[in-house]
Amino acid sequence: MIAEIRIGECDFDAGAETEALARRCEGPGAVTTFVGYVRAEPGLTSLTLEHYPAMSEREMSRHVEEAARRWALLGVTVIHRVGRLNPGDRIVFVAVAAMHRREAFEACEFLMDYLKTRAPFWKREERDGAVVWVEALNRDFDAANRWRR
Amino acid sequence: MKLLYFAWVRQAIGVSEETFDLPDDIRTVGALAERLRARGGGYASAFAEFGRLRAAVNQEHVPFDAPVGTNDEVAFFPPVTGG
């Protein structure tokens with residue numbers, strides 16, 4: 001299983017990352033991808049992401065290892081941006097390569113659910129001139145809890 | 001020990017990290033949080049409700065009853081909102 005995890009301010013090219021993962025895995029039957037964007041909402045002017053650098057990459061590695069224990073995976077790419085972003089900007093990318101689509105779909109969802117509820121990143125929004133920290137959503141924790149076993 | 005704060009916890013306290021001499025009578029994350037809250041000011045507001053806080057010891061998520069030791073790196077932060 002080939003894992004690539006990157007955290008930084010740089011944008012990414014989802015198409016190029018998908019192809020690069022497929023090439024690294026030398027003939028997967030399926031690659032699923034997820035791209036998260038900063039939503040365009042009335043009044044929202046920017047979103048700033050901070051993280052716990054010593055922990056965020058380690059935590060995401062643990063999620064990838066857990067996914068590889070649950071499903072037969074060939075490779076995973078996870079990219080998470082930090083810093084100041086604008087509506088429409090890309091935030092996060094998860095790609096999973098496997099021999100078959102089911103593993104690839106499920107592991108991609110699992111990784112996003114874990115990332116949203118466990119990876120140490122925090123968003124603050126600039127909305128109508130005021131700065132507010134984004135509150136965690138119960139539905140994200142419900143989504144992550146369904147993978148418990 | 002090293003203490004780290006993130007997001008609004010950091011904003012309330014006013015620093016992102018500090019070193020702390022762990023007293024012998026503090027053995028858990030929760031006891032440490034109570035001691036920090038007792039400092040008052042920004043600490044009192046950051047640690048006002050433990051239910052709104054999460055913690056990590058040495059870069060791993062832990063509950064508030066987890067043990068802490070002199071050489072640990074302990075982080076306090078709100079529930080995460082990345083992705």
# chains A, B, ... in the order shown; residues from 1 in each chain; ligands from 1

$ interface_residues --of "chain A" --to "chain B" --cutoff "7 Å" --atoms "only C-alpha atoms" --output "PyMOL selection string"
chain A and resi 36+54-55+91-92+115-123+134-136

$ select_by_dssp --residues "region 83-131 of chain A" --states "alpha helix (DSSP H)" --output "list in words"
Arg101, Arg102, Glu103, Ala104, Phe105, Glu106, Ala107, Cys108, Glu109, Phe110, Leu111, Met112, Asp113, Tyr114, Leu115, Lys116, Thr117 and Arg118 of chain A

$ write_last_selection --atoms "C-alpha atoms" --output "compact mmCIF listing (two decimals), in the first residue's frame"
# COMPACT_ATOMS: atom_id res chain seq x y z
CA ARG A 101 -14.66 -0.05 -6.79
CA ARG A 102 -16.37 -1.05 -3.53
CA GLU A 103 -13.17 -0.94 -1.50
CA ALA A 104 -12.19 2.34 -3.13
CA PHE A 105 -15.58 4.02 -2.47
CA GLU A 106 -15.86 2.82 1.13
CA ALA A 107 -12.29 3.62 2.13
CA CYS A 108 -12.59 7.12 0.62
CA GLU A 109 -15.71 7.85 2.70
CA PHE A 110 -14.10 6.35 5.80
CA LEU A 111 -11.01 8.54 5.37
CA MET A 112 -13.07 11.70 4.96
CA ASP A 113 -15.26 10.88 7.99
CA TYR A 114 -12.16 10.24 10.12
CA LEU A 115 -10.37 13.29 8.82
CA LYS A 116 -13.36 15.55 9.62
CA THR A 117 -13.70 14.31 13.19
CA ARG A 118 -10.14 13.42 14.26

$ residues_around --residues "region 34-41 of chain B" --least-positions-apart "2" --cutoff "12 Å" --atoms "only C-alpha atoms" --output "JSON, numbers by chain"
{"B": [3, 5, 9, 12, 13, 14, 18, 20, 21, 22, 23, 25, 26, 27, 28, 29, 30, 31, 32, 43, 44, 45, 46, 47, 48, 49, 50, 64, 76]}

$ write_last_selection --atoms "N, CA and C atoms" --output "mmCIF file, in the first residue's frame"
data_model
loop_
_atom_site.group_PDB
_atom_site.id
_atom_site.type_symbol
_atom_site.label_atom_id
_atom_site.label_comp_id
_atom_site.auth_asym_id
_atom_site.auth_seq_id
_atom_site.Cartn_x
_atom_site.Cartn_y
_atom_site.Cartn_z
ATOM 1 N N LEU B 3 3.064 22.598 26.856
ATOM 2 C CA LEU B 3 1.625 22.767 26.664
ATOM 3 C C LEU B 3 1.382 23.512 25.357
ATOM 4 N N TYR B 5 -1.769 25.127 22.678
ATOM 5 C CA TYR B 5 -3.180 25.528 22.577
ATOM 6 C C TYR B 5 -3.498 25.876 21.124
ATOM 7 N N VAL B 9 -9.019 28.312 21.897
ATOM 8 C CA VAL B 9 -8.333 28.088 23.182
ATOM 9 C C VAL B 9 -7.061 28.940 23.208
ATOM 10 N N ALA B 12 -8.001 32.669 23.497
ATOM 11 C CA ALA B 12 -8.421 33.071 24.845
ATOM 12 C C ALA B 12 -7.211 33.213 25.767
ATOM 13 N N ILE B 13 -6.263 32.283 25.647
ATOM 14 C CA ILE B 13 -5.106 32.279 26.544
ATOM 15 C C ILE B 13 -4.069 33.319 26.123
ATOM 16 N N GLY B 14 -3.941 33.500 24.809
ATOM 17 C CA GLY B 14 -3.020 34.526 24.320
ATOM 18 C C GLY B 14 -1.635 34.019 23.951
ATOM 19 N N GLU B 18 3.699 26.862 25.813
ATOM 20 C CA GLU B 18 4.463 27.257 27.008
ATOM 21 C C GLU B 18 5.027 25.995 27.659
ATOM 22 N N PHE B 20 5.733 23.998 31.268
ATOM 23 C CA PHE B 20 5.024 23.949 32.546
ATOM 24 C C PHE B 20 5.681 22.883 33.416
ATOM 25 N N ASP B 21 6.022 23.264 34.655
ATOM 26 C CA ASP B 21 6.572 22.277 35.604
ATOM 27 C C ASP B 21 5.406 21.543 36.241
ATOM 28 N N LEU B 22 5.258 20.293 35.891
ATOM 29 C CA LEU B 22 4.105 19.518 36.354
ATOM 30 C C LEU B 22 4.234 19.215 37.849
ATOM 31 N N PRO B 23 3.286 19.738 38.665
ATOM 32 C CA PRO B 23 3.333 19.423 40.103
ATOM 33 C C PRO B 23 3.053 17.934 40.337
ATOM 34 N N ASP B 25 1.177 16.435 42.337
ATOM 35 C CA ASP B 25 -0.206 16.026 42.610
ATOM 36 C C ASP B 25 -1.096 16.011 41.363
ATOM 37 N N ILE B 26 -0.560 16.375 40.207
ATOM 38 C CA ILE B 26 -1.368 16.343 38.979
ATOM 39 C C ILE B 26 -0.990 15.106 38.162
ATOM 40 N N ARG B 27 -1.978 14.221 38.007
ATOM 41 C CA ARG B 27 -1.674 12.961 37.321
ATOM 42 C C ARG B 27 -2.503 12.716 36.072
ATOM 43 N N THR B 28 -3.525 13.565 35.847
ATOM 44 C CA THR B 28 -4.365 13.357 34.662
ATOM 45 C C THR B 28 -4.522 14.651 33.865
ATOM 46 N N VAL B 29 -4.963 14.495 32.631
ATOM 47 C CA VAL B 29 -5.232 15.644 31.764
ATOM 48 C C VAL B 29 -6.269 16.559 32.417
ATOM 49 N N GLY B 30 -7.306 15.945 33.018
ATOM 50 C CA GLY B 30 -8.370 16.731 33.648
ATOM 51 C C GLY B 30 -7.862 17.556 34.822
ATOM 52 N N ALA B 31 -6.999 16.949 35.639
ATOM 53 C CA ALA B 31 -6.429 17.667 36.789
ATOM 54 C C ALA B 31 -5.542 18.815 36.312
ATOM 55 N N LEU B 32 -4.828 18.581 35.221
ATOM 56 C CA LEU B 32 -4.000 19.637 34.634
ATOM 57 C C LEU B 32 -4.879 20.789 34.141
ATOM 58 N N TYR B 43 -7.143 31.930 30.866
ATOM 59 C CA TYR B 43 -7.192 30.492 31.178
ATOM 60 C C TYR B 43 -8.563 30.097 31.701
ATOM 61 N N ALA B 44 -9.125 30.958 32.564
ATOM 62 C CA ALA B 44 -10.437 30.648 33.138
ATOM 63 C C ALA B 44 -11.497 30.557 32.046
ATOM 64 N N SER B 45 -11.418 31.457 31.053
ATOM 65 C CA SER B 45 -12.438 31.384 29.999
ATOM 66 C C SER B 45 -12.159 30.227 29.044
ATOM 67 N N ALA B 46 -10.886 29.971 28.720
ATOM 68 C CA ALA B 46 -10.566 28.854 27.822
ATOM 69 C C ALA B 46 -10.998 27.517 28.433
ATOM 70 N N PHE B 47 -10.816 27.370 29.737
ATOM 71 C CA PHE B 47 -11.105 26.091 30.407
ATOM 72 C C PHE B 47 -12.428 26.114 31.174
ATOM 73 N N ALA B 48 -13.306 27.063 30.818
ATOM 74 C CA ALA B 48 -14.573 27.198 31.554
ATOM 75 C C ALA B 48 -15.420 25.938 31.466
ATOM 76 N N GLU B 49 -15.496 25.340 30.275
ATOM 77 C CA GLU B 49 -16.329 24.142 30.101
ATOM 78 C C GLU B 49 -15.487 23.046 29.479
ATOM 79 N N PHE B 50 -15.159 22.026 30.253
ATOM 80 C CA PHE B 50 -14.323 20.941 29.726
ATOM 81 C C PHE B 50 -15.023 20.198 28.584
ATOM 82 N N PHE B 64 -10.062 12.983 29.113
ATOM 83 C CA PHE B 64 -9.526 13.820 30.200
ATOM 84 C C PHE B 64 -9.046 13.003 31.407
ATOM 85 N N PHE B 76 -4.385 21.268 24.166
ATOM 86 C CA PHE B 76 -5.824 21.492 24.401
ATOM 87 C C PHE B 76 -6.391 22.260 23.220
#

$ select_by_dssp --residues "region 16-123 of chain A" --states "strand (DSSP E)" --output "ChimeraX atom specification"
/A:30-37,44-51,73-81,83-85,90-98,121-123

$ closest_atom_pairs --of "region 51-70 of chain A" --to "region 1-13 of chain A" --cutoff "8 Å" --atoms "only C-alpha atoms" --output "CSV"
residue,atom,partner,partner_atom,distance
A:Glu57,CA,A:Ile5,CA,6.9
A:Met60,CA,A:Ile5,CA,7.5
A:Ser61,CA,A:Ile5,CA,7.4
A:Val64,CA,A:Ala3,CA,7.4
A:Ala68,CA,A:Met1,CA,7.5

$ atom_distance --atom1 "CA of Arg39 (chain A)" --atom2 "CA of Leu85 (chain A)"
10.6 Å

$ atom_distance --atom1 "CA of Asp72 (chain B)" --atom2 "CA of Glu17 (chain B)"
13.1 Å

$ atom_distance --atom1 "CA of Ala33 (chain B)" --atom2 "CA of Leu53 (chain B)"
9.8 Å

$ closest_residue --among "A:Trp71, A:Trp133, A:Phe93, A:Phe34" --to "Thr48 (chain A)" --atoms "only C-alpha atoms"
A:Trp133
